[in-house]
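Contents: one structure, followed by commentary.
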Amino acid sequence: MTDLFIAAGGGGDPIGTAITAIAMSPLLTTAGPGGAHGTGGPDLPVIATYSWERPEVDPTPGPLGVRDFTGLLDRPEGHVLTPAARAVAPAGSTLPRLAADLPVRLVLLDPYEGLAGLAARIRRLAEACGPGRVRIVDVGGDILTHGDEDTLCSPLVDALVLAACTLAEVDATVHIAGPGTDGEIPQDVLLDRLDRLAGPDDRFAPTPLHVQAATRALAWHPSEASALFAAAVHGVRGTVRTVGRAIPLTDTSAYVLNTGLEAAVAENPVARALLELRPRTVDEAADLSAQLTGIHEIARERRPTVPPTPSAAPFPADAHQARERIRAQAGDASHVTSRFATRALGLPWQRIPEVRTLLDDEGPVHALH
């Protein structure tokens, strides 16, 4: 049937993973949105993903599991997300809408099954997809963390995927889409690691045609790493201001770099510890990750230090006024993400489409000069 792709980081990673999957499947480059529930056909890429989003999207701490959704389809490849699926309030998820707007089949990964349960789920998914390979895609590259980077934010979910795929004994490779675009490991540091793990030919560059398949999702989703990756593929170079930091886009940002599962696990101390201790719950896994990195992602969401959504503000009267307000907060950056622009205007992320229309800029990021 097809390879199984895993969006290792959750959040907006299904977008960058879809671009990567379509670039690796040339016959699918012209497929339109539809997913397993639509008209796209049975050979669309299958992408397994967590539902773990920013607090502004999902105010509940930690990832969502199968129990947190209604409307999932129980299929041989797992619990398939459709546009009719809904997160159970007060939780929130962008995955049902992504299921409508990406030409892939999205399958929910449930980390509440523990590491062994997650491994068994991935093994069944891989068997249902056929004799192909499991392709783990991480947008940005924090999957290769050493756990001590100053800019590291979210090491747990990537490490869980590495450990689960190893435990499942599946034939897997790791693909870094848009190295450095998540801002968690500086690009030069990441490239040094990849130079040790992979040869110069272990890379490929998607084209704007591949990104086109994700255009509808990029028009509204608050993902920044996937947006930067897509922008780099479209030829954007310079410094992009995200909500967290300024991130440089280089020629390398437009590539997907490949390495092996074993090599990735050897780089990632959290993945190695997970394999050694086999946590039975996601909370145990988060505790272990925190011991090694100082970052407890679930506890952080239980005690947010910054309001997840800006207070409502009047919509700007015109594009010039909006650009001036955005530019005043962007420093020396040449571009900003849609999420940054919307937040700079004091608006919630749900108004990203309106801000893009106001700025008359349909690209993945927005030029300031």
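Here, A, B, ... name the chains of the structure tokens in the order displayed, residue numbers run from 1 inside each chain, and ligands are numbered from 1 in the same displayed order.
For Glu224 in chain A, the residues within 7 Å (counting only C-alpha atoms, excluding itself and residues fewer than 2 positions away along the chain) are Pro222, Ser226, Ala227, Leu228, Thr242 and Thr337 of chain A.
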task: Please identify which residues in range 161-304 of chain A DSSP calls alpha helix (DSSP H) from the backbone, and express them as a ChimeraX atom specification.
output: /A:161-168,187-197,208-212,215-218,225-233,261-267,269-277,282-293,297-302
Expected answer as a PyMOL selection string: strand (DSSP E or B) residues in range 81-213 of chain A: chain A and resi 81+86-87+105-108+134-139+172-177+203-204
For those residues, write C-alpha atoms to a file as a PDB file, in the first residue's frame.
```pdb
ATOM      1  CA  LEU A  81      -9.263  11.629  11.994  1.00  0.00           C
ATOM      2  CA  ARG A  86     -14.163  16.828  17.492  1.00  0.00           C
ATOM      3  CA  ALA A  87     -12.065  17.216  20.610  1.00  0.00           C
ATOM      4  CA  ARG A 105      -4.983  10.237   5.964  1.00  0.00           C
ATOM      5  CA  LEU A 106      -4.352  11.353   9.546  1.00  0.00           C
ATOM      6  CA  VAL A 107      -4.235   8.681  12.234  1.00  0.00           C
ATOM      7  CA  LEU A 108      -4.167   9.561  15.933  1.00  0.00           C
ATOM      8  CA  VAL A 134       8.160   3.806   8.599  1.00  0.00           C
ATOM      9  CA  ARG A 135       9.316   7.359   7.960  1.00  0.00           C
ATOM     10  CA  ILE A 136       9.622   9.523  11.055  1.00  0.00           C
ATOM     11  CA  VAL A 137       9.423  13.205  10.111  1.00  0.00           C
ATOM     12  CA  ASP A 138      10.423  15.974  12.491  1.00  0.00           C
ATOM     13  CA  VAL A 139      10.010  19.563  11.338  1.00  0.00           C
ATOM     14  CA  ALA A 172      12.322   3.136  10.100  1.00  0.00           C
ATOM     15  CA  THR A 173      14.230   6.176   8.933  1.00  0.00           C
ATOM     16  CA  VAL A 174      14.289   9.710  10.345  1.00  0.00           C
ATOM     17  CA  HIS A 175      13.756  12.788   8.174  1.00  0.00           C
ATOM     18  CA  ILE A 176      14.525  16.329   9.386  1.00  0.00           C
ATOM     19  CA  ALA A 177      12.314  18.722   7.406  1.00  0.00           C
ATOM     20  CA  ARG A 203      18.940  14.865   1.563  1.00  0.00           C
ATOM     21  CA  PHE A 204      16.363  16.107  -0.891  1.00  0.00           C
TER      22      PHE A 204
END
```
- prompt: Hey, what's within 7 Å of range 143-151 of chain A if we count only C-alpha atoms and toss same-chain stuff fewer than 2 positions away? As a list in words, please?
  reply: Asp138, Gly141, Cys153, Pro155, Asp158, Ala159, Gly183, Glu184, Ile185, Ala264, Glu267, Asn268, Pro269, Leu292 and Thr293 of chain A
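The space between CA of Asp101 in chain A and CA of Ala217 in chain A spans 5.5 Å.
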